[in-house]
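Participant: Take a look at the following structure, please.
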Amino acid sequence: MRTLPPLSKMAPAEGAGYRREMMAASRLELNLVRLLCRCEAMAQDREEWEGYVGALEDMLQALKAQASKPASEVINEYSRKVDFLKGMLQAEKLTSASEKALANQFLAPGRVPTTAKERVPATKTVHLQSRARYTSEMRSELLGLCWSGAAGPRPGDEKQSAAELDLVLQRHQNLQEKLAEEMLGLARSLKTNTLAAQSVIKKDNQTLSHSLKMADQNLEKLKMESERLEQHAQKSVNWLLWAMLIVVCFIFISMILFIRIMPKLK
């Protein structure tokens, strides 16, 4: 659950704005739940709900943008149900029953009931109803193909054809379930590989950051040592200059004394 700061510790204006924001967020979520329940009920009764899906998406995006939005698990459940309703509409627009049944295999209904009155999520009920309806439509299509070229079924052939048709439908459903499981396995494998790649990239970034930090530290130390060396060099030059001056002065004085003493010796 989210922890909310007590309104008594807020300034009056800030507390009023916070209450308005919370009321707006709660009202928006309540309207989303009401419209979602209405669409689920219309889907169960096979009524037209296509015009409401756009409004559901807009309300869901507005709810995600709220500062005081619900928990991420609740948002994900809302998104799951809205995506399911969109997928149901797209599946209904397909031409053949086999395409509808295949599209129905990849739909993911909600996991949690929308209201407390529901024992089973309404989207799950809609999913099962649509699957049964598409299977029945496939059976009707196949029976129509079987008897389209004949004058009519002979006595005793209809029961055998129905059993064969059920077997074909079962195989087709098993193939669809196997295909869905393989795609889910590929998705999990891709997710695992992506997480592993992210982990490797994260470690490489950490190593690179550490190397850059060490390089910056070494550069700072190199600058400090260069400044110290420059100072030592300047000091050595100063001492050498003073020593040369002293030597020159000594030679100059010696020459003067030598010049003064030499005439007296003669």
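Lettering and numbering for the structure tokens are positional, with chains as A, B, ... in the shown order, residues counted from 1 in each chain, and ligands counted from 1 in the shown order.
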With a distance cut-off of 7 Å and only C-alpha atoms, select the neighbouring residues of range 122-132 of chain A, excluding the residue or stretch itself and same-chain residues fewer than 5 positions from it, and output the selection as a list in words.
Facilitator: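 Close residues of range 122-132 of chain A: Glu40, Ala43, Gln44, Lys81, Ala101, Asn104, Pro109, Gly110 and Pro113 of chain A.
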Participant: What lies within 12 Å of Leu60 in chain A using only C-alpha atoms, ignoring chain neighbours under 4 positions off, as a CSV table (one decimal) with N, CA, C and O atoms, in the first residue's frame?
Facilitator:
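Written out: result_4.csv:
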chain,number,residue,atom,x,y,z
A,25,ALA,N,-7.9,11.7,-8.8
A,25,ALA,CA,-7.4,10.4,-9.2
A,25,ALA,C,-8.3,9.3,-8.8
A,25,ALA,O,-8.5,8.3,-9.6
A,28,LEU,N,-11.2,9.3,-11.3
A,28,LEU,CA,-10.8,8.7,-12.6
A,28,LEU,C,-10.7,7.2,-12.6
A,28,LEU,O,-11.1,6.5,-13.5
A,29,GLU,N,-10.1,6.7,-11.5
A,29,GLU,CA,-10.0,5.2,-11.4
A,29,GLU,C,-11.4,4.6,-11.3
A,29,GLU,O,-11.6,3.5,-11.8
A,30,LEU,N,-12.3,5.2,-10.5
A,30,LEU,CA,-13.7,4.7,-10.4
A,30,LEU,C,-14.4,4.7,-11.7
A,30,LEU,O,-15.0,3.7,-12.1
A,31,ASN,N,-14.2,5.8,-12.5
A,31,ASN,CA,-14.9,5.8,-13.8
A,31,ASN,C,-14.3,4.7,-14.7
A,31,ASN,O,-15.0,4.1,-15.5
A,32,LEU,N,-12.9,4.5,-14.6
A,32,LEU,CA,-12.3,3.5,-15.4
A,32,LEU,C,-12.8,2.1,-15.1
A,32,LEU,O,-13.1,1.3,-16.0
A,33,VAL,N,-13.0,1.8,-13.8
A,33,VAL,CA,-13.5,0.5,-13.3
A,33,VAL,C,-14.9,0.3,-13.8
A,33,VAL,O,-15.3,-0.8,-14.3
A,35,LEU,N,-16.5,1.7,-16.4
A,35,LEU,CA,-16.5,1.5,-17.9
A,35,LEU,C,-15.9,0.1,-18.2
A,35,LEU,O,-16.4,-0.6,-19.2
A,36,LEU,N,-14.9,-0.3,-17.5
A,36,LEU,CA,-14.3,-1.6,-17.8
A,36,LEU,C,-15.3,-2.7,-17.5
A,36,LEU,O,-15.5,-3.7,-18.2
A,53,VAL,N,-13.7,1.3,-26.2
A,53,VAL,CA,-12.3,0.9,-26.0
A,53,VAL,C,-11.3,2.1,-26.1
A,53,VAL,O,-10.4,2.2,-25.3
A,54,GLY,N,-11.6,3.0,-27.0
A,54,GLY,CA,-10.8,4.2,-27.1
A,54,GLY,C,-10.9,5.1,-25.8
A,54,GLY,O,-9.9,5.6,-25.3
A,55,ALA,N,-12.1,5.1,-25.2
A,55,ALA,CA,-12.2,5.9,-24.0
A,55,ALA,C,-11.5,5.2,-22.8
A,55,ALA,O,-10.9,5.8,-22.0
A,56,LEU,N,-11.5,3.8,-22.8
A,56,LEU,CA,-10.8,3.1,-21.8
A,56,LEU,C,-9.3,3.3,-21.9
A,56,LEU,O,-8.6,3.6,-20.9
A,64,LYS,N,-2.3,6.6,-15.5
A,64,LYS,CA,-0.9,6.4,-15.4
A,64,LYS,C,-0.1,7.7,-15.2
A,64,LYS,O,1.0,7.7,-14.6
A,65,ALA,N,-0.6,8.8,-15.8
A,65,ALA,CA,0.1,10.1,-15.7
A,65,ALA,C,-0.2,10.8,-14.3
A,65,ALA,O,0.5,11.8,-14.0
A,66,GLN,N,-1.1,10.3,-13.5
A,66,GLN,CA,-1.4,10.9,-12.2
A,66,GLN,C,-0.3,10.8,-11.3
A,66,GLN,O,0.4,9.7,-11.3
A,69,LYS,N,-1.1,7.9,-8.6
A,69,LYS,CA,-1.7,6.7,-9.3
A,69,LYS,C,-1.7,5.5,-8.4
A,69,LYS,O,-0.9,5.4,-7.5
A,70,PRO,N,-2.5,4.5,-8.8
A,70,PRO,CA,-2.5,3.2,-8.0
A,70,PRO,C,-1.2,2.5,-8.1
A,70,PRO,O,-0.3,2.9,-8.8
A,74,VAL,N,-1.8,-2.9,-9.9
A,74,VAL,CA,-3.2,-2.6,-10.3
A,74,VAL,C,-3.2,-2.0,-11.7
A,74,VAL,O,-4.1,-2.3,-12.5
A,75,ILE,N,-2.2,-1.1,-12.0
A,75,ILE,CA,-2.1,-0.5,-13.3
A,75,ILE,C,-1.9,-1.6,-14.4
A,75,ILE,O,-2.5,-1.6,-15.5
A,76,ASN,N,-1.1,-2.6,-14.1
A,76,ASN,CA,-0.8,-3.7,-15.0
A,76,ASN,C,-2.0,-4.5,-15.3
A,76,ASN,O,-2.3,-5.0,-16.4
A,77,GLU,N,-2.8,-4.7,-14.2
A,77,GLU,CA,-4.1,-5.5,-14.4
A,77,GLU,C,-5.1,-4.8,-15.2
A,77,GLU,O,-5.7,-5.4,-16.1
A,78,TYR,N,-5.2,-3.4,-15.0
A,78,TYR,CA,-6.1,-2.6,-15.9
A,78,TYR,C,-5.6,-2.7,-17.4
A,78,TYR,O,-6.4,-2.9,-18.3
A,79,SER,N,-4.3,-2.6,-17.6
A,79,SER,CA,-3.7,-2.6,-18.9
A,79,SER,C,-4.0,-4.0,-19.6
A,79,SER,O,-4.3,-4.1,-20.8
A,80,ARG,N,-3.9,-5.0,-18.8
A,80,ARG,CA,-4.1,-6.4,-19.3
A,80,ARG,C,-5.5,-6.6,-19.8
A,80,ARG,O,-5.8,-7.2,-20.8
A,81,LYS,N,-6.5,-6.1,-19.0
A,81,LYS,CA,-7.9,-6.2,-19.4
A,81,LYS,C,-8.2,-5.4,-20.6
A,81,LYS,O,-9.0,-5.8,-21.5
A,82,VAL,N,-7.7,-4.2,-20.7
A,82,VAL,CA,-8.0,-3.3,-21.8
A,82,VAL,C,-7.3,-3.9,-23.1
A,82,VAL,O,-8.0,-3.9,-24.1
A,83,ASP,N,-6.1,-4.4,-23.0
A,83,ASP,CA,-5.5,-5.1,-24.1
A,83,ASP,C,-6.3,-6.3,-24.5
A,83,ASP,O,-6.4,-6.6,-25.7
Participant: Just list the residues in range 7-253 of chain A DSSP gives helix (DSSP H, G or I) on the backbone, as a ChimeraX atom specification.
Facilitator: /A:7-9,12-44,50-65,72-92,97-105,122-148,157-253
Participant: Give the answer as one residue: which of A:Ile256, A:Ala187, A:Leu241, A:Cys39 has the shortest atom-to-atom distance to Tyr52 in chain A, using only C-alpha atoms?
Facilitator: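 Checking each candidate against Tyr52 in chain A, we get A:Cys39 as the closest.
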Participant: Figure out the distance between CA of Lys100 in chain A and CA of Met88 in chain A, please, to one decimal in Å.
Facilitator: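 CA of Lys100 in chain A lies 9.1 Å from CA of Met88 in chain A.
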